[in-house]
>>> print(open('structure_4.cif').read())   # mmCIF, C-alpha atoms and all ligand atoms
data_start
loop_
_atom_site.label_atom_id
_atom_site.label_comp_id
_atom_site.auth_asym_id
_atom_site.auth_seq_id
_atom_site.Cartn_x
_atom_site.Cartn_y
_atom_site.Cartn_z
CA MET E 349 127.87 11.95 -172.57
CA SER E 350 128.20 11.36 -176.29
CA GLU E 351 131.35 12.55 -177.98
CA ARG E 352 131.09 15.80 -179.84
CA VAL E 353 132.76 16.39 -183.16
CA ILE E 354 133.89 19.89 -183.99
CA PRO E 355 134.73 19.93 -187.68
CA LEU E 356 137.54 22.19 -188.88
CA VAL E 357 136.01 24.21 -191.65
CA ASP E 358 136.46 27.50 -193.37
CA GLN E 359 133.35 29.52 -192.65
CA ARG E 360 133.03 30.85 -196.18
CA SER E 361 131.32 28.97 -198.95
CA ALA E 362 130.99 29.68 -202.63
CA ALA E 363 129.10 32.86 -203.40
CA LEU E 364 126.00 32.98 -205.52
CA ALA E 365 126.19 35.21 -208.55
CA VAL E 366 123.63 37.98 -208.40
CA PRO E 367 120.89 37.46 -210.98
CA LEU E 368 120.31 40.50 -213.18
CA PRO E 369 116.58 40.52 -213.97
CA THR E 370 115.55 41.14 -217.57
CA THR E 371 112.46 42.99 -216.35
CA PRO E 372 113.61 45.64 -213.86
CA VAL E 373 112.28 45.39 -210.30
CA PRO E 374 111.89 49.02 -209.23
CA ALA E 375 112.33 49.94 -205.57
CA THR E 376 108.85 50.85 -204.36
CA GLY E 377 109.27 50.02 -200.69
CA LEU E 378 106.60 47.34 -201.12
CA LEU E 379 108.77 44.33 -201.86
CA ALA E 380 107.52 40.88 -200.75
CA ASP E 381 109.11 37.45 -200.93
CA THR E 382 107.40 34.22 -202.07
CA LEU E 383 105.76 33.92 -198.63
CA GLY E 384 104.54 37.53 -198.68
CA ARG E 385 107.16 38.74 -196.19
CA PRO E 386 108.38 42.34 -196.60
CA LEU E 387 112.00 43.50 -196.25
CA ARG E 388 112.32 45.68 -193.15
CA ASP E 389 115.43 44.78 -191.20
CA LEU E 390 119.02 44.77 -192.46
CA ARG E 391 121.79 43.25 -190.35
CA ILE E 392 125.26 44.24 -191.40
CA SER E 393 128.33 42.36 -190.24
CA VAL E 394 131.26 44.77 -190.17
CA THR E 395 134.01 42.34 -189.19
CA ASP E 396 134.54 38.58 -188.96
CA ARG E 397 136.98 39.04 -186.07
CA CYS E 398 136.28 38.94 -182.37
CA ASN E 399 138.24 39.31 -179.14
CA PHE E 400 136.05 36.65 -177.42
CA ARG E 401 135.91 32.93 -178.13
CA CYS E 402 132.41 32.07 -176.92
CA ASN E 403 132.28 28.32 -177.30
CA TYR E 404 128.83 28.40 -178.93
CA CYS E 405 130.03 30.81 -181.63
CA MET E 406 133.82 30.90 -182.21
CA PRO E 407 135.29 27.89 -180.40
CA LYS E 408 139.04 28.17 -179.88
CA GLU E 409 139.67 24.80 -181.49
CA VAL E 410 138.43 26.24 -184.79
CA PHE E 411 139.15 29.95 -184.48
CA GLY E 412 142.78 29.60 -183.43
CA LYS E 413 145.64 31.97 -184.09
CA ASP E 414 146.10 30.69 -187.64
CA TYR E 415 142.48 31.12 -188.60
CA PRO E 416 142.24 32.75 -192.06
CA TYR E 417 140.18 35.86 -191.43
CA LEU E 418 139.18 37.98 -194.39
CA PRO E 419 141.93 40.22 -195.74
CA HIS E 420 141.14 43.91 -195.45
CA ALA E 421 140.63 44.43 -199.20
CA ASP E 422 137.81 41.87 -199.11
CA LEU E 423 135.81 43.81 -196.56
CA LEU E 424 133.15 46.19 -197.77
CA ARG E 425 134.36 49.74 -197.27
CA PHE E 426 132.12 52.11 -195.30
CA GLU E 427 131.12 53.93 -198.51
CA GLU E 428 130.11 50.61 -200.06
CA ILE E 429 128.10 49.59 -197.00
CA THR E 430 126.34 52.95 -196.96
CA ARG E 431 125.56 52.81 -200.65
CA LEU E 432 124.04 49.34 -200.30
CA ALA E 433 122.14 50.36 -197.16
CA ALA E 434 120.62 53.30 -199.04
CA ILE E 435 119.38 50.90 -201.73
CA PHE E 436 117.96 48.53 -199.09
CA LEU E 437 116.11 51.47 -197.54
CA ARG E 438 114.53 52.24 -200.93
CA HIS E 439 113.16 48.68 -200.82
CA GLY E 440 111.49 49.21 -197.44
CA VAL E 441 114.18 48.58 -194.82
CA ARG E 442 113.63 50.68 -191.68
CA LYS E 443 116.02 49.22 -189.21
CA ILE E 444 119.75 48.59 -189.48
CA ARG E 445 121.67 46.51 -186.98
CA LEU E 446 125.48 46.47 -186.98
CA THR E 447 127.00 43.22 -185.85
CA GLY E 448 129.89 40.84 -186.48
CA GLY E 449 132.19 39.31 -185.16
CA GLU E 450 132.67 42.10 -182.68
CA PRO E 451 131.56 45.29 -184.44
CA LEU E 452 133.41 47.62 -182.07
CA LEU E 453 136.69 46.12 -183.31
CA ARG E 454 136.15 47.72 -186.73
CA ARG E 455 138.17 50.91 -186.80
CA ASN E 456 136.11 54.13 -186.74
CA ILE E 457 132.83 52.26 -186.55
CA GLU E 458 131.26 55.52 -185.36
CA GLY E 459 132.14 56.97 -188.79
CA LEU E 460 129.98 54.28 -190.40
CA VAL E 461 127.16 54.97 -187.94
CA ALA E 462 127.27 58.66 -188.91
CA GLN E 463 127.05 57.82 -192.61
CA LEU E 464 124.10 55.47 -192.05
CA ALA E 465 122.33 57.97 -189.80
CA ALA E 466 122.26 60.46 -192.68
CA LEU E 467 120.19 58.07 -194.83
CA ARG E 468 116.38 58.18 -195.03
CA THR E 469 113.67 55.52 -195.26
CA THR E 470 110.90 55.66 -197.86
CA ASP E 471 108.87 57.64 -195.26
CA GLY E 472 111.61 60.25 -195.08
CA GLN E 473 112.63 59.13 -191.59
CA PRO E 474 116.14 58.29 -190.43
CA PRO E 475 116.57 54.50 -190.16
CA GLU E 476 116.60 53.03 -186.68
CA ILE E 477 120.27 52.13 -186.08
CA THR E 478 121.31 49.63 -183.44
CA LEU E 479 124.37 47.54 -182.71
CA THR E 480 125.02 44.19 -181.01
CA THR E 481 128.25 43.96 -179.04
CA ASN E 482 129.98 41.82 -176.47
CA GLY E 483 130.40 45.04 -174.48
CA SER E 484 134.15 44.77 -174.01
CA LEU E 485 134.90 48.11 -175.70
CA LEU E 486 131.60 49.80 -174.97
CA ALA E 487 132.63 51.84 -171.94
CA ARG E 488 135.18 53.56 -174.18
CA LYS E 489 133.02 53.88 -177.29
CA ALA E 490 129.46 54.60 -176.09
CA PRO E 491 129.55 58.43 -176.17
CA ALA E 492 131.06 58.61 -179.68
CA LEU E 493 128.55 56.04 -180.98
CA ARG E 494 125.65 58.00 -179.54
CA GLN E 495 126.97 61.22 -180.94
CA ALA E 496 127.29 59.63 -184.38
CA GLY E 497 123.59 58.71 -184.35
CA LEU E 498 123.39 55.23 -182.88
CA GLN E 499 120.05 54.89 -181.08
CA ARG E 500 120.25 51.67 -179.12
CA VAL E 501 122.63 48.91 -178.26
CA THR E 502 122.28 45.21 -177.42
CA VAL E 503 124.95 43.78 -175.17
CA SER E 504 125.61 40.05 -174.92
CA LEU E 505 126.21 38.76 -171.40
CA ASP E 506 125.80 35.10 -170.47
CA GLY E 507 125.89 35.35 -166.67
CA LEU E 508 126.85 37.41 -163.64
CA ASP E 509 129.03 34.77 -162.05
CA ASP E 510 132.52 35.82 -163.05
CA ALA E 511 133.93 32.30 -163.29
CA VAL E 512 131.05 31.11 -165.48
CA PHE E 513 131.29 34.13 -167.76
CA ARG E 514 135.08 33.94 -168.10
CA ARG E 515 134.74 30.29 -169.05
CA MET E 516 132.02 31.00 -171.61
CA ASN E 517 133.87 33.83 -173.36
CA ASP E 518 136.99 31.65 -173.11
CA VAL E 519 139.37 34.63 -173.04
CA ASP E 520 139.04 35.21 -169.29
CA PHE E 521 137.12 38.45 -169.74
CA PRO E 522 135.52 39.72 -166.50
CA VAL E 523 131.80 40.44 -166.02
CA ALA E 524 132.56 43.80 -164.35
CA GLU E 525 133.87 45.34 -167.58
CA VAL E 526 130.77 44.35 -169.52
CA LEU E 527 128.59 45.82 -166.75
CA ALA E 528 130.68 49.01 -167.01
CA GLY E 529 129.96 49.03 -170.75
CA ILE E 530 126.23 48.69 -170.11
CA ALA E 531 126.36 51.54 -167.60
CA ALA E 532 128.24 53.73 -170.08
CA ALA E 533 125.70 52.96 -172.81
CA ARG E 534 122.85 53.97 -170.52
CA ALA E 535 124.65 57.13 -169.45
CA ALA E 536 125.22 58.03 -173.11
CA GLY E 537 121.48 57.66 -173.83
CA LEU E 538 121.66 54.47 -175.88
CA ALA E 539 118.35 53.37 -174.42
CA PRO E 540 116.74 51.04 -173.80
CA VAL E 541 119.78 48.82 -173.52
CA LYS E 542 118.98 45.19 -174.24
CA VAL E 543 121.06 42.36 -172.81
CA ASN E 544 121.18 39.01 -174.64
CA MET E 545 121.95 35.88 -172.68
CA VAL E 546 122.45 32.63 -174.59
CA VAL E 547 121.25 29.86 -172.29
CA LYS E 548 123.02 26.51 -172.43
CA ARG E 549 121.63 23.76 -170.30
CA GLY E 550 124.27 22.53 -167.88
CA THR E 551 126.52 25.56 -168.49
CA ASN E 552 124.80 28.78 -167.36
CA GLU E 553 121.18 27.87 -166.65
CA HIS E 554 121.71 28.69 -162.96
CA GLU E 555 122.45 32.28 -164.03
CA ILE E 556 118.90 32.88 -165.33
CA LEU E 557 117.43 34.08 -162.04
CA PRO E 558 120.45 36.11 -160.87
CA MET E 559 120.46 37.91 -164.23
CA ALA E 560 116.72 38.61 -163.99
CA ARG E 561 117.02 39.89 -160.41
CA HIS E 562 119.96 42.08 -161.37
CA PHE E 563 118.29 43.82 -164.32
CA ARG E 564 114.67 43.94 -163.06
CA GLY E 565 113.64 47.55 -162.46
CA THR E 566 116.73 49.06 -164.11
CA GLY E 567 115.27 49.82 -167.55
CA VAL E 568 117.55 47.23 -169.16
CA ILE E 569 115.63 44.60 -171.15
CA LEU E 570 117.05 41.13 -170.60
CA ARG E 571 116.45 38.50 -173.29
CA PHE E 572 117.13 34.82 -173.04
CA ILE E 573 118.19 33.16 -176.30
CA GLU E 574 117.94 29.46 -176.99
CA PHE E 575 121.32 27.97 -177.92
CA MET E 576 121.06 27.65 -181.70
CA ASP E 577 122.50 25.26 -184.24
CA VAL E 578 124.08 28.04 -186.30
CA GLY E 579 127.19 27.20 -188.27
CA ALA E 580 128.93 23.87 -188.20
CA THR E 581 131.59 24.39 -185.56
CA ASN E 582 129.87 24.83 -182.22
CA GLY E 583 129.12 21.16 -181.49
CA TRP E 584 125.42 21.89 -181.07
CA ARG E 585 123.24 19.31 -179.39
CA MET E 586 119.53 19.52 -178.68
CA ASP E 587 119.99 18.36 -175.12
CA GLU E 588 121.94 21.56 -174.38
CA VAL E 589 119.00 23.72 -175.45
CA LEU E 590 116.92 24.96 -172.55
CA PRO E 591 113.52 25.71 -174.12
CA SER E 592 112.21 29.24 -173.53
CA ARG E 593 109.05 27.92 -171.91
CA GLU E 594 111.27 26.41 -169.22
CA VAL E 595 113.13 29.69 -168.78
CA ILE E 596 109.80 31.48 -168.28
CA ALA E 597 108.59 28.80 -165.83
CA ARG E 598 111.75 29.19 -163.75
CA LEU E 599 111.40 32.97 -163.70
CA ARG E 600 107.70 32.83 -162.81
CA ALA E 601 108.40 30.58 -159.86
CA GLU E 602 109.99 33.61 -158.20
CA LEU E 603 109.08 36.71 -160.20
CA PRO E 604 105.48 37.16 -161.39
CA LEU E 605 105.25 37.78 -165.13
CA VAL E 606 102.47 38.64 -167.57
CA PRO E 607 102.65 38.23 -171.36
CA LEU E 608 103.00 41.46 -173.36
CA GLU E 609 102.00 42.23 -176.94
CA PRO E 610 104.74 42.39 -179.61
CA THR E 611 105.90 45.93 -180.35
CA ALA E 612 106.50 45.31 -184.05
CA PRO E 613 105.66 42.65 -186.65
CA GLY E 614 108.52 40.24 -187.17
CA GLU E 615 109.86 40.85 -183.66
CA THR E 616 112.12 37.97 -182.64
CA ALA E 617 111.52 38.10 -178.87
CA GLN E 618 108.36 37.16 -177.03
CA ARG E 619 107.90 39.80 -174.33
CA TRP E 620 106.94 39.28 -170.71
CA GLY E 621 106.31 42.10 -168.20
CA TYR E 622 107.12 41.96 -164.52
CA ALA E 623 103.83 42.11 -162.65
CA ASP E 624 102.80 44.14 -159.59
CA ALA E 625 100.92 42.72 -156.58
CA GLN E 626 97.63 42.95 -158.56
CA GLY E 627 99.07 40.85 -161.39
CA ARG E 628 99.31 43.78 -163.80
CA HIS E 629 102.42 44.73 -165.72
CA ASP E 630 104.43 47.25 -163.73
CA PRO E 631 106.40 49.37 -166.23
CA ALA E 632 108.77 50.46 -163.46
CA LEU E 633 109.87 46.85 -163.09
CA GLY E 634 110.28 46.49 -166.84
CA GLU E 635 110.22 43.38 -168.98
CA VAL E 636 112.15 40.35 -170.16
CA GLY E 637 112.07 38.53 -173.47
CA VAL E 638 112.70 35.07 -174.80
CA ILE E 639 114.00 34.26 -178.26
CA SER E 640 112.90 30.73 -179.05
CA SER E 641 114.63 30.17 -182.36
CA VAL E 642 114.84 26.43 -181.79
CA THR E 643 111.59 25.43 -180.09
CA GLN E 644 109.22 27.96 -181.65
CA ALA E 645 109.98 28.97 -185.19
CA PHE E 646 109.20 32.55 -186.12
CA CYS E 647 109.95 32.39 -189.84
CA GLY E 648 106.36 33.33 -190.78
CA ASP E 649 107.05 37.04 -190.51
CA CYS E 650 110.84 37.06 -190.83
CA ASN E 651 111.67 40.33 -192.57
CA ARG E 652 115.44 40.25 -192.04
CA ALA E 653 118.23 40.32 -194.62
CA ARG E 654 121.88 39.88 -193.69
CA LEU E 655 124.92 41.43 -195.30
CA SER E 656 128.20 39.69 -194.54
CA THR E 657 131.52 41.44 -193.95
CA GLU E 658 132.60 40.81 -197.53
CA GLY E 659 129.32 41.93 -199.01
CA ARG E 660 127.33 38.76 -199.46
CA LEU E 661 123.61 38.88 -199.00
CA TYR E 662 122.09 36.05 -196.94
CA LEU E 663 118.35 35.57 -196.86
CA CYS E 664 118.34 33.49 -193.68
CA LEU E 665 120.60 33.04 -190.67
CA PHE E 666 120.87 29.41 -191.65
CA ALA E 667 121.52 29.91 -195.37
CA ASP E 668 124.54 28.09 -196.74
CA LYS E 669 125.23 30.54 -199.58
CA GLY E 670 125.10 34.29 -200.03
CA TYR E 671 124.73 36.54 -203.08
CA ASP E 672 127.89 38.35 -204.07
CA LEU E 673 126.85 42.00 -203.90
CA ARG E 674 130.45 43.20 -203.62
CA SER E 675 131.29 42.08 -207.15
CA LEU E 676 128.19 43.82 -208.42
CA LEU E 677 129.13 47.02 -206.56
CA ARG E 678 132.70 46.93 -207.79
CA SER E 679 131.64 46.15 -211.37
CA GLY E 680 130.35 49.70 -211.72
CA ALA E 681 126.64 48.78 -211.64
CA SER E 682 124.24 51.70 -211.15
CA ASP E 683 122.11 52.08 -208.03
CA ASP E 684 119.01 51.19 -210.05
CA ALA E 685 120.63 48.02 -211.40
CA ILE E 686 121.63 46.99 -207.87
CA ALA E 687 118.13 47.82 -206.58
CA SER E 688 116.62 45.70 -209.32
CA ALA E 689 118.89 42.76 -208.53
CA LEU E 690 118.10 43.02 -204.81
CA GLY E 691 114.41 43.17 -205.58
CA ALA E 692 114.59 40.03 -207.72
CA ILE E 693 116.54 38.16 -205.04
CA TRP E 694 114.05 39.07 -202.30
CA GLN E 695 111.08 38.22 -204.53
CA GLY E 696 112.54 34.73 -204.94
CA ARG E 697 113.12 34.20 -201.20
CA SER E 698 111.47 31.15 -199.65
CA ASP E 699 113.80 30.46 -196.67
CA ARG E 700 112.23 29.27 -193.42
CA TYR E 701 114.87 27.10 -191.86
CA SER E 702 113.60 27.11 -188.28
CA GLU E 703 110.19 25.93 -189.36
CA LEU E 704 111.74 23.11 -191.35
CA ARG E 705 114.47 22.21 -188.83
CA SER E 706 112.77 19.09 -187.54
CA SER E 707 112.73 17.54 -191.01
CA LEU E 708 116.44 18.26 -191.65
CA PRO E 709 119.39 16.12 -190.52
CA ALA E 710 119.67 16.31 -186.71
CA GLU E 711 123.43 16.71 -186.42
CA PRO E 712 125.17 19.76 -187.81
CA GLY E 713 127.73 18.88 -190.44
CA THR E 714 125.68 16.02 -191.80
CA GLY E 715 123.46 18.13 -193.99
CA LYS E 716 124.02 21.36 -195.85
CA ARG E 717 126.96 23.36 -194.57
CA ARG E 718 125.69 26.42 -192.77
CA ILE E 719 127.40 29.73 -192.34
CA GLU E 720 128.96 30.73 -189.01
CA MET E 721 127.26 33.29 -186.78
CA SER E 722 130.54 35.20 -186.30
CA TYR E 723 130.75 35.70 -190.08
CA ILE E 724 127.18 36.66 -190.79
CA GLY E 725 126.26 38.28 -187.46
CA GLY E 726 123.35 37.59 -185.13
N1 LIG E 801 130.01 39.93 -180.92
C1 LIG E 801 128.75 40.53 -180.75
C2 LIG E 801 128.00 39.94 -179.58
O1 LIG E 801 128.41 38.88 -179.09
O2 LIG E 801 127.03 40.54 -179.18
C3 LIG E 801 127.88 40.52 -181.99
C4 LIG E 801 127.89 39.27 -182.83
S1 LIG E 801 127.19 37.83 -182.05
C5 LIG E 801 127.39 36.63 -183.33
C6 LIG E 801 125.46 38.22 -182.03
C7 LIG E 801 124.62 37.45 -181.06
O3 LIG E 801 124.56 36.11 -181.45
C8 LIG E 801 125.12 37.45 -179.61
O4 LIG E 801 124.09 37.90 -178.76
C9 LIG E 801 125.44 36.00 -179.36
O5 LIG E 801 125.23 35.66 -178.03
C10 LIG E 801 124.51 35.29 -180.30
N2 LIG E 801 124.93 33.92 -180.64
C11 LIG E 801 126.10 33.53 -181.17
N3 LIG E 801 126.11 32.19 -181.35
C12 LIG E 801 124.91 31.73 -180.92
C13 LIG E 801 124.30 30.44 -180.84
N4 LIG E 801 124.94 29.34 -181.23
N5 LIG E 801 123.04 30.36 -180.36
C14 LIG E 801 122.37 31.46 -179.96
N6 LIG E 801 122.89 32.70 -180.02
C15 LIG E 801 124.14 32.84 -180.48
FE1 LIG E 802 132.44 37.02 -180.44
FE2 LIG E 802 129.90 37.65 -180.24
FE3 LIG E 802 130.60 35.29 -181.23
FE4 LIG E 802 130.99 35.74 -178.65
S1 LIG E 802 129.01 35.68 -179.72
S2 LIG E 802 132.49 34.85 -180.08
S3 LIG E 802 131.46 37.88 -178.63
S4 LIG E 802 131.02 37.24 -182.15
FE1 LIG E 803 114.31 34.11 -190.57
FE2 LIG E 803 115.74 32.01 -191.34
FE3 LIG E 803 115.50 32.58 -188.73
FE4 LIG E 803 113.41 31.61 -190.10
S1 LIG E 803 115.33 30.55 -189.70
S2 LIG E 803 113.39 33.33 -188.65
S3 LIG E 803 113.74 32.59 -192.12
S4 LIG E 803 116.49 33.86 -190.31
#
>>> encode(input="structure_4.cif", output="structure tokens")
Amino acid sequence: MSERVIPLVDQRSAALAVPLPTTPVPATGLLADTLGRPLRDLRISVTDRCNFRCNYCMPKEVFGKDYPYLPHADLLRFEEITRLAAIFLRHGVRKIRLTGGEPLLRRNIEGLVAQLAALRTTDGQPPEITLTTNGSLLARKAPALRQAGLQRVTVSLDGLDDAVFRRMNDVDFPVAEVLAGIAAARAAGLAPVKVNMVVKRGTNEHEILPMARHFRGTGVILRFIEFMDVGATNGWRMDEVLPSREVIARLRAELPLVPLEPTAPGETAQRWGYADAQGRHDPALGEVGVISSVTQAFCGDCNRARLSTEGRLYLCLFADKGYDLRSLLRSGASDDAIASALGAIWQGRSDRYSELRSSLPAEPGTGKRRIEMSYIGG
């Protein structure tokens, strides 16, 4: 086994100043970037802190007790997040995902959900609001989140074997409490619940089938995510990636599957339905998904923007710099001026990291410094 190097780095890099266009870019809802991709999905990180130390995301060696998390004054306040979200909606965003860090650690997160739920898209509809969580606080929080207007939730769970899961979250957190969180989310009507499992070859690959058996026929949609080279601290190596096609092959060896059509353009997961004895999708058995960010790039229709905890706008999960929207907000800029700046930034977007990955340096840390997943959100 080759030695892995986990560099000690601060996850934040210099911010990009927001360009103020001389010709205003009005918010028409029809914005497109240089590759013709619209802006539809906004992911908002509400905290850079987490109570887990998943080794692929916030390894303990880096995120120790002296780690310099953002001071509270640097975080966007709920009113600031809501104001920005409203401007993003004017540009065509329809879906908002709250993430982190662990979003349920942010105090009164349900208050933010309620503010966002009161916004409207350009079609006059409420935005679709979802949240990605490690599930540790979900059993407690699910009813209040639902009541505030959250529609769905995605829970991360990397295996059913308690020892494997405790090792992967690295804070000895038990599987049973995450399963209780999933049950509470379902009972509160946060449906359909999706479960994300990051698959690492040699670590939890033997959990693929038990997870599929457990969630098949329950209405929960399980998705397998390829271990990604996000950030610079997780010691990523290609030989730990289990390609999605292999995940599907292993599932099909026991559980018949048929491919399903995507539900929306820009969808990250490829969907597979559990089949009945006639080889047709049986909706009662449900579906699984695979997110092949490493082996099958899906940048072509990537319509996602990311807002970091301190208000920086990232145009790609793998971007090394973000635009400093917080300074613009706090400078007293009008909504129209902010909308114009956002429009100009999106119009200049050309990011497609996953498609270009093979031509970039193979080892993280040797090329551009990328931003950490816990800072920018998934
Ligand atoms: N703490 C929450 C959670 O774990 O669901 C939300 C934030 S977490 C950064 C969002 C998602 O990113 C999780 O599903 C997590 O498993 C995934 N993730 C983090 N690091 C990853 C990596 N290196 N490769 C693939 N997925 C990763
Ligand atoms: Fe925390 Fe989520 Fe990252 Fe795990 S994946 S360390 S739960 S932010
Ligand atoms: Fe979108 Fe960047 Fe991921 Fe490509 S690599 S799908 S552009 S976030």
>>> closest_residue(input="structure_4.cif", among="E:Trp620, E:Phe646, E:Phe563, E:Tyr723", to="Arg700 (chain E)", atoms="only C-alpha atoms")
E:Phe646
>>> residues_near_ligand(input="structure_4.cif", ligand="ligand LIG 803 (chain E)", cutoff="10 Å", atoms="only C-alpha atoms and all ligand atoms", output="ChimeraX atom specification")
/E:385,578,614-616,640-642,644-654,662-667,697-705,726
>>> residues_near_ligand(input="structure_4.cif", ligand="ligand LIG 802 (chain E)", cutoff="9 Å", atoms="only C-alpha atoms and all ligand atoms", output="JSON, numbers by chain")
{"E": [396, 397, 398, 399, 400, 401, 402, 403, 404, 405, 406, 407, 447, 448, 449, 450, 451, 480, 481, 482, 483, 484, 504, 505, 516, 517, 518, 546, 721, 722, 723, 725, 726]}
>>> closest_residue(input="structure_4.cif", among="E:Gly621, E:Gly680, E:Gly497, E:Gly507", to="ligand LIG 801 (chain E)", atoms="all atoms listed in the file")
E:Gly507
>>> residues_around(input="structure_4.cif", residues="region 552-558 of chain E", least_positions_apart="6", cutoff="7 Å", atoms="only C-alpha atoms", output="short mmCIF file (atom, residue, chain, number, x, y, z; two decimals) with C-alpha atoms, in the frame of the given file")
data_model
loop_
_atom_site.label_atom_id
_atom_site.label_comp_id
_atom_site.auth_asym_id
_atom_site.auth_seq_id
_atom_site.Cartn_x
_atom_site.Cartn_y
_atom_site.Cartn_z
CA GLY E 507 125.89 35.35 -166.67
CA LEU E 508 126.85 37.41 -163.64
CA VAL E 512 131.05 31.11 -165.48
CA LEU E 599 111.40 32.97 -163.70
#
>>> closest_residue(input="structure_4.cif", among="E:Lys408, E:Ala601, E:Arg593, E:Leu424", to="Val519 (chain E)", atoms="only C-alpha atoms")
E:Lys408
>>> atom_distance(input="structure_4.cif", atom1="CA of Phe513 (chain E)", atom2="CA of Val606 (chain E)")
29.2 Å
>>> build_atoms(input="structure_4.cif", residues="region 526-538 of chain E", atoms="N, CA and C atoms", output="PDB file, in the coordinates of the input")
ATOM      1  N   VAL E 526     131.964  44.309-168.674  1.00  0.00           N
ATOM      2  CA  VAL E 526     130.770  44.350-169.520  1.00  0.00           C
ATOM      3  C   VAL E 526     129.692  45.187-168.818  1.00  0.00           C
ATOM      4  N   LEU E 527     129.569  45.014-167.497  1.00  0.00           N
ATOM      5  CA  LEU E 527     128.590  45.820-166.750  1.00  0.00           C
ATOM      6  C   LEU E 527     128.954  47.307-166.850  1.00  0.00           C
ATOM      7  N   ALA E 528     130.246  47.611-166.855  1.00  0.00           N
ATOM      8  CA  ALA E 528     130.680  49.010-167.010  1.00  0.00           C
ATOM      9  C   ALA E 528     130.287  49.520-168.395  1.00  0.00           C
ATOM     10  N   GLY E 529     130.372  48.650-169.392  1.00  0.00           N
ATOM     11  CA  GLY E 529     129.960  49.030-170.750  1.00  0.00           C
ATOM     12  C   GLY E 529     128.467  49.316-170.798  1.00  0.00           C
ATOM     13  N   ILE E 530     127.684  48.476-170.131  1.00  0.00           N
ATOM     14  CA  ILE E 530     126.230  48.690-170.110  1.00  0.00           C
ATOM     15  C   ILE E 530     125.910  50.018-169.416  1.00  0.00           C
ATOM     16  N   ALA E 531     126.585  50.288-168.322  1.00  0.00           N
ATOM     17  CA  ALA E 531     126.360  51.540-167.600  1.00  0.00           C
ATOM     18  C   ALA E 531     126.724  52.740-168.486  1.00  0.00           C
ATOM     19  N   ALA E 532     127.823  52.621-169.218  1.00  0.00           N
ATOM     20  CA  ALA E 532     128.240  53.730-170.080  1.00  0.00           C
ATOM     21  C   ALA E 532     127.239  53.941-171.204  1.00  0.00           C
ATOM     22  N   ALA E 533     126.687  52.844-171.737  1.00  0.00           N
ATOM     23  CA  ALA E 533     125.700  52.960-172.810  1.00  0.00           C
ATOM     24  C   ALA E 533     124.451  53.677-172.293  1.00  0.00           C
ATOM     25  N   ARG E 534     124.031  53.310-171.092  1.00  0.00           N
ATOM     26  CA  ARG E 534     122.850  53.970-170.520  1.00  0.00           C
ATOM     27  C   ARG E 534     123.126  55.443-170.279  1.00  0.00           C
ATOM     28  N   ALA E 535     124.308  55.742-169.740  1.00  0.00           N
ATOM     29  CA  ALA E 535     124.650  57.130-169.450  1.00  0.00           C
ATOM     30  C   ALA E 535     124.720  57.954-170.734  1.00  0.00           C
ATOM     31  N   ALA E 536     125.109  57.301-171.840  1.00  0.00           N
ATOM     32  CA  ALA E 536     125.220  58.030-173.110  1.00  0.00           C
ATOM     33  C   ALA E 536     123.861  58.190-173.786  1.00  0.00           C
ATOM     34  N   GLY E 537     122.818  57.539-173.248  1.00  0.00           N
ATOM     35  CA  GLY E 537     121.480  57.660-173.830  1.00  0.00           C
ATOM     36  C   GLY E 537     121.173  56.628-174.884  1.00  0.00           C
ATOM     37  N   LEU E 538     121.931  55.557-174.926  1.00  0.00           N
ATOM     38  CA  LEU E 538     121.660  54.470-175.880  1.00  0.00           C
ATOM     39  C   LEU E 538     120.585  53.562-175.269  1.00  0.00           C
TER      40      LEU E 538
END
